[in-house]
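Remarks on the structure that follows.
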Amino acid sequence: MKRGLFVLVSFFAVARVSAAAELPIHGFLQAASAYRLTRPAACPRPQRLACAEDFVLGEGRARLELSPRGDRWSLMTKGELTWDAVGGEVDGELREGYLDLKFPALDVRAGRQVITWGVGDLVFITDVFPRDWVAFISGLPLEYLKKGSDAVSATGHWAGTSLQVVLIPRFEADTLPAAGGRLAFHDPMAAIERRRTDDPSPALERTEAGLRLFGNIGGWDASLYAYRGFFHSPAGEPEPGPRLRLFFPPLSVYGASVQGAALGGVVSVEAGYYDSRSDRSGGNPAVENSSGRLLAGYQRELVPDLTASGQYSVQVMQDHDAYMSARGPGMAKRAEARHVLTLRLTQLLLHQTLRLGLFALASPNEGDWYAGPEARYQITDAFSATLGVNAFGGPRRTEYGQFEGNSNVYAVARYAF
Amino acid sequence: MKRMLCGWIVGLTMVAGAATAPAQAPGGEEIMRRSHLAMYYPGEDMRARITMRLVSRDGGERVREMTMTRRTVKAGGEQRYFIFFHRPPDVRDLAFLVWKYPGRDDDRWLYVPALKLVRRIAASDKHTSFVGSDFSYEDVSGREPEDDAHKLLRDDTVVGRDAWVVESVPRESGSADFSRKLSWIDKATGLPLKEEYYDRRGDQVRVFTAEELKEVQGFWTVTRRVMKNVQSGHRSEAVLADVRYNQKLSPDLFSERALRAPPVELTR
C-alpha cells in the first residue's frame, strides 16, 4: 500500500515536470478480470485459496509512460499502479526504467529493461530472461509475460554484424503460481508447508551474463547465443524440519537461431543446449537435467488478413536413465523427450479493428495442452475491449495439465492515451 | 495485435518526379513505366510525416500517424522503407522495416516495443490492407508495371489537367486484386491523378484520387490522396507533410539496429 502511494505521488510529480518540459505523456487505464471456468479438482492446504476463489484476476491498472529523447540519449520510464480488487491491495511497480546511450558503433542500455531473445512463439529456448507466468495464465495481455531485468546491455555494430553483451547483477526469478496464491498447480512437496527461498546472492560472481552475436546472412536473420546464470524457476529440496528449500540452480545455455523468408512464408529454426551445471550427471532429482532443445516454425498469410503459423519443438533430456532412477515418489514421470506442437490463427476484420485469434499448444506424447481463443475489438483509437479464454488440460503432473483448474474466461478493457 | 500490425506495412510513397511530356504520345506500356518511376522512385531517398484517416460510411473516423522514410537502392528496383508509428496509442513507437525486391516477396520486419521483439512478418500477400485502410501494401509500395498489360485508350482532363487514360489488365489473373484498372496519368508530371479498379464481374470496386500535388525540391509529389471503396462506402485519406528528398539517409537506418533504437528525428 505504501509503495502504491509512493508510485501515485510519483505519477503526479512526473506529470507536472513533464507538462512543464512539454514532454508527451502516454499510458493507459485498464480493467481486467478473469473468471474460473472449472474448479481445481482438489487443493492441498497451502493452495486452498485457489479452490475458494472464483476470480483468478480482478484488477484495475494505470500506466504512465515518459520517454524524453535526445540526439545521443533517451530515457524510458514505465510506471504502473495496480489495484487488485480480489485481494484488496494496491501496488506500484516500475515496469521499465532505462537510459539509452548511442555511440557511432555502440548502443548502451542501463536500467530495468525487457530483454527478448529467440524466434519462438510462446516456446522459449534461448530466451532465458524472466517471465511472469501468473500474468499469462490469468489472462493479462501478452506483454505482461515478459518481466524487466535490472541489467546493463551493450550492443556493438561492425560491418553488418552485431554483438550484444548483457550483464544482470540482480537476479529476477520467473513469477510462477505459488502456495497462497489464486492459481492451482502441481506441487509434489505439498505436504511440506514450511518453505524458504534462496535467492542467488548479488555477489559479482553470481552476475548473470549473456552474449548474442547476430547479423543478416543471405537474407536470413541469424543469431548465436550464450548465457551463464540460473534456472529462473526454482528447484525444491526437502530439509530437516521438515522444510522445503527453494533455490535456483546454475544454468548455462548455448544456442543459435535463424529466421527468414522461405516457402512463401517465414521459416524459423532455433536450437539450444541447456547445461545444468550443478547436476551434470543428472542424479539430483531436485535439479533439472541438462537438455537439448529444438524448435522449427512456419508462418504464412493464407489470404489477406488471415495468418496461420505452426511450430514443432522438442526437448530431449540428456540423462534420462539417471533421472528415472533418482526421481522420488509423487514426482512427475517425464519422458526422455517432450514433443510440443503449436498452432496460431489470426483473422483481422472490420478494417483490422477486430482481431480474432487462436493459439493452441499440445504435447502429443505427454498429453497436456493449452488453448487460447481471443477476440479483441478496437472500439475507437483509444478504447479497446478483449474477451478470451485460457483453457488448460492434460495429466495433472504435466507442464500445462497442472493448470487445468485455473482455466478461465477473461475480459480486458483499456483506454490508452 | 501482432497480426494487425502485419497489415501495417510499407510506406506511402505518393511521390513523383517531373516527367517531360514528349511531343508524340507514348504507348500505354511506356506511360505506366514512367508513371511508376514518378510515383515511387523520385530522389535517392525521401521522408514524410503521414497522417491517414480511415472514414467509414457513417462517418466514424480513425487516425494513423507515422513517419516514413524510403531509400532507393536501384531505380525502378530494390527499395528499403522504415516506418515509425506515432499513433494510435496501441501502435505508438512500433517500427516497420521493409526491404522491397522486384520479382519476389519483400522482407518485412516488425518491432514490438512492449516485448522488445523484432519479428519477421510473412509478406506473401501484397493485397492485404495497409494499417486497415483502403490502400493495400501494393498501392503504397507500387505494383510492378510489367505485371500488367497496358493500353492507351484516350486523352482526358482531370480537374483541368491533361491526362492519358490507360487500361491495365493483369498478365496473370489472380496476381492482382482487380481484373481491370483505368488510370488517368498526368501528362505533365507522370503522376496518377485518378484510378478506377474493377472486379471480375466488371463492377467498380475502388477509386483512387490524387487531391493535392506539390513540387518539393523539384519532385512533383501527391501530398493528399484518397482511396474509396465504392461498394462499402469506406474511404481512406493520406496526407503527407514535411516531405524531404535526398537527405542522404544512411543505409544503417534500414537495419535491426534502427528498429530497436530509431533515430530521434524520426520519433518526434
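Lettering and numbering for the C-alpha cells are positional, with chains as A, B, ... in the shown order, residues counted from 1 in each chain, and ligands counted from 1 in the shown order.
Non-sequential neighbours of Phe84 of chain B (distance at most 6 Å, separation of 4 or more positions within a chain, only C-alpha atoms) are B:Met66, B:Thr67, B:Ala95.
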Can you write out the residues you just picked, keeping N, CA and C atoms, as a PDB file, in the first residue's frame?
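To be explicit, this is the file written out as out-v3.pdb:
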ATOM      1  N   MET B  66       2.288   8.424 -38.895  1.00  0.00           N
ATOM      2  CA  MET B  66       3.583   7.749 -38.951  1.00  0.00           C
ATOM      3  C   MET B  66       4.614   8.608 -39.659  1.00  0.00           C
ATOM      4  N   THR B  67       5.872   8.334 -39.395  1.00  0.00           N
ATOM      5  CA  THR B  67       6.950   8.942 -40.171  1.00  0.00           C
ATOM      6  C   THR B  67       7.511   7.843 -41.056  1.00  0.00           C
ATOM      7  N   ALA B  95       7.783   0.030 -34.945  1.00  0.00           N
ATOM      8  CA  ALA B  95       8.559   0.358 -36.140  1.00  0.00           C
ATOM      9  C   ALA B  95       8.485  -0.787 -37.141  1.00  0.00           C
TER      10      ALA B  95
END
Using only C-alpha atoms, which residues of chain B come within 7 Å of chain A, and what is the closest atom pair for each, with the distance in Å to one decimal? Give it as a tab-separated table, sorted by chain and residue number.
residue	atom	partner	partner_atom	distance
B:Arg3	CA	A:Thr346	CA	6.3
B:Met4	CA	A:Gln352	CA	5.9
B:Arg62	CA	A:Asp381	CA	6.1
B:Pro88	CA	A:Asp381	CA	5.6
B:Pro89	CA	A:Phe417	CA	5.8
B:Asp107	CA	A:Ala261	CA	6.8
B:Ala114	CA	A:Glu143	CA	6.0
B:Leu115	CA	A:Glu143	CA	5.9
B:Lys116	CA	A:Thr116	CA	6.0
B:Leu117	CA	A:Thr116	CA	6.0
B:Arg120	CA	A:Val266	CA	6.9
B:Ile121	CA	A:Val266	CA	6.9
B:Ala122	CA	A:Gly265	CA	5.0
B:Ala123	CA	A:Gly265	CA	6.8
B:Ser124	CA	A:Gly264	CA	5.9
B:Asp125	CA	A:Pro304	CA	6.3
B:His127	CA	A:Pro304	CA	6.4
B:Thr128	CA	A:Pro304	CA	4.6
B:Gly132	CA	A:His351	CA	4.3
B:Ser133	CA	A:His351	CA	6.4
B:Val264	CA	A:Asp71	CA	5.9
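When DSSP reads the backbone of this structure, the residues of segment 15-235 of chain B it assigns to helix (DSSP H, G or I) are B:Gly28, B:Glu29, B:Glu30, B:Ile31, B:Met32, B:Arg33, B:Arg34, B:Ser35, B:His36, B:Leu37, B:Ala38, B:Met39, B:Tyr40, B:Pro89, B:Asp90, B:Val91, B:Tyr137, B:Glu138, B:Asp139, B:Val140, B:Ser141, B:Pro145, B:Glu146, B:Asp147.
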Residues of segment 4-250 of chain B in strand (DSSP E or B), written as an NGL selection string | :B and (15 or 45-55 or 61-72 or 79-87 or 95-100 or 107-112 or 117-121 or 129 or 136 or 148-158 or 161-170 or 180-186 or 192-198 or 204-216 or 219-229 or 235-245)
Find, counting only C-alpha atoms, the residue in B:Arg119, B:Lys74, B:Arg47, B:His36 that gets nearest to Leu240 of chain B.
-> B:Arg47
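Atom pair atom CA of Gln315 of chain A / atom CA of Ser407 of chain A: separated by 25.3 Å.
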Write out as a short mmCIF file (atom, residue, chain, number, x, y, z; two decimals) with C-alpha atoms, in the first residue's frame which residues come within 7 Å of segment 254-261 of chain B when counting only C-alpha atoms, dropping same-chain ones fewer than 5 positions away.
data_model
loop_
_atom_site.label_atom_id
_atom_site.label_comp_id
_atom_site.auth_asym_id
_atom_site.auth_seq_id
_atom_site.Cartn_x
_atom_site.Cartn_y
_atom_site.Cartn_z
CA ARG B 80 14.02 -0.02 -48.40
CA TYR B 81 11.39 1.51 -46.16
CA PHE B 82 11.41 2.41 -42.49
CA ALA B 95 8.56 0.36 -36.14
CA LEU B 97 11.19 -2.22 -41.85
CA TYR B 111 9.49 -4.20 -33.88
#
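Those residues that approach Glu193 of chain A to within 9 Å, counting only C-alpha atoms, are Arg45, Pro46, Ala179, Met189, Pro242, Arg243 and Leu244 of chain A; same-chain residues fewer than 4 positions away are not listed.
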Please provide the set of residues having any atom within 9 Å of Arg338 of chain A, restricted to only C-alpha atoms, with same-chain residues fewer than 5 positions apart removed, written as a PDB file with N, CA and C atoms, in the first residue's frame.
ATOM      1  N   SER A 313       8.358 -28.329 -31.500  1.00  0.00           N
ATOM      2  CA  SER A 313       9.556 -28.226 -30.678  1.00  0.00           C
ATOM      3  C   SER A 313       9.738 -29.508 -29.877  1.00  0.00           C
ATOM      4  N   VAL A 314      10.975 -29.783 -29.582  1.00  0.00           N
ATOM      5  CA  VAL A 314      11.288 -30.977 -28.808  1.00  0.00           C
ATOM      6  C   VAL A 314      12.365 -30.627 -27.794  1.00  0.00           C
ATOM      7  N   GLN A 315      12.233 -31.243 -26.628  1.00  0.00           N
ATOM      8  CA  GLN A 315      13.207 -31.056 -25.555  1.00  0.00           C
ATOM      9  C   GLN A 315      13.647 -32.459 -25.138  1.00  0.00           C
ATOM     10  N   VAL A 316      14.938 -32.727 -25.296  1.00  0.00           N
ATOM     11  CA  VAL A 316      15.440 -34.076 -25.012  1.00  0.00           C
ATOM     12  C   VAL A 316      16.323 -34.034 -23.773  1.00  0.00           C
ATOM     13  N   MET A 317      15.948 -34.814 -22.766  1.00  0.00           N
ATOM     14  CA  MET A 317      16.705 -34.868 -21.521  1.00  0.00           C
ATOM     15  C   MET A 317      18.009 -35.624 -21.755  1.00  0.00           C
ATOM     16  N   SER A 363       1.175 -31.229 -26.296  1.00  0.00           N
ATOM     17  CA  SER A 363       2.272 -32.188 -26.339  1.00  0.00           C
ATOM     18  C   SER A 363       1.677 -33.553 -26.676  1.00  0.00           C
ATOM     19  N   PRO A 364       1.956 -34.059 -27.879  1.00  0.00           N
ATOM     20  CA  PRO A 364       1.332 -35.331 -28.260  1.00  0.00           C
ATOM     21  C   PRO A 364       1.789 -36.494 -27.385  1.00  0.00           C
ATOM     22  N   ASN A 365       2.992 -36.433 -26.822  1.00  0.00           N
ATOM     23  CA  ASN A 365       3.419 -37.606 -26.042  1.00  0.00           C
ATOM     24  C   ASN A 365       3.174 -37.455 -24.544  1.00  0.00           C
ATOM     25  N   GLU A 366       3.067 -36.231 -24.034  1.00  0.00           N
ATOM     26  CA  GLU A 366       2.785 -36.072 -22.606  1.00  0.00           C
ATOM     27  C   GLU A 366       1.322 -35.752 -22.337  1.00  0.00           C
TER      28      GLU A 366
END
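Taking atom CA of Gly388 of chain A and atom CA of Asp91 of chain A as endpoints, the distance between them is 25.4 Å.
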